[in-house]
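J.: One structure, as structure tokens, below. Some questions next.
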Amino acid sequence: MINDKVKEILNEQINKEFYSAYLYLSMGAYFSDMGMYGFSKWMEIQAKEEIDHGMILFDYILKRKAKVELKALNAPDISFEGVEDIFQKAYEHEKTISCSINAIASLTEDECDLATRNFIDWYLKEQIEEEDNFLRIISKIKAFGSDSASSYLLDKELGQREYNPASYE
Ligand code: OFO
């Protein structure tokens with residue numbers, strides 16, 4: 001059994017994960033509009049992974065016999081200023097997600113809910129990967145520039161990404 005405070009923060013996190021999916025879909029649509037289909041595919045896969053993150057929380061709440069309470073999603077940004085702006089915004093977003101995962105870890109310790117504290121370790125590790133993925137792309141953009149030749153090559157590279165469903169196990 002998880003208490004109301006833990007249930008509430010986990011439900012909020014489901015909303016944040018689904019909002020992340022919305023945001024990355026919005027970024028993917030922007031790239032697609034620009035004819036940058038590799039970037040677009042990368043963002044769509046990122047969005048699918050965010051839905052997986054939300055569903056792992058969803059399944060956990062149900063398994064602990066608590067109530068899933070889905071909340072309304074905010075609309076994501078739809079206007080961006082090019083490739084670097086998008087990846088910078090995505091990285092900033094991931095940092096806010098890392099803060100909210102840290103807040104869940106702290107709360108579960110305060111509430112002596114060590115099972116949920118253990119569960120949330122997966123997200124703490126995942127956030128290291130998530131921040132690193134975006135930072136690496138930003139580093140490449142900074143190193144090689146965002147002119148059309150460099151963007152073309154990066155678009156080809158990012159278009160190779162394959163979707164692997166995020167798994168808690
Ligand atoms: Fe992008 O991260 Fe989910 O948790």
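Every chain in the structure tokens takes a letter, A first, then B, and so on in the order presented; its residues are numbered from 1, and the ligands are numbered from 1 following the presented order.
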Select the residues contacting ligand 1 at a distance of at most 6 Å, based on only C-alpha atoms and all ligand atoms, then format the selection as number ranges by chain.

T.: A: 17, 50, 53, 94, 123, 127, 130

J.: Might you pull out every residue within 9 Å of Leu124 in chain A, with only C-alpha atoms counted and same-chain residues fewer than 2 positions away left off, and present them as a list in words?

T.: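 The neighbour list is Ser98, Ile101, Asn102, Ala105, Ile120, Asp121, Trp122, Glu126, Gln127 and Ile128 of chain A.
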
J.: Rank A:Ser40, A:Thr108, A:Ser100, A:Asn74 by their smallest atom-to-atom distance to Gln160 in chain A, using only C-alpha atoms, and report the top residue only.

T.: A:Ser40

J.: Choose the residue, out of A:Ser20, A:Ser167, A:Asn11, A:Gln88, that has the smallest atom-to-atom separation from Leu62 in chain A; count only C-alpha atoms.

T.: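 Among A:Ser20, A:Ser167, A:Asn11, A:Gln88, it is A:Asn11 that comes nearest to Leu62 in chain A.
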
J.: Give me, please, the distance in Å between CA of Met55 in chain A and CA of Ile14 in chain A, quoted to one decimal.

T.: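 Interatomic distance here is 7.5 Å.
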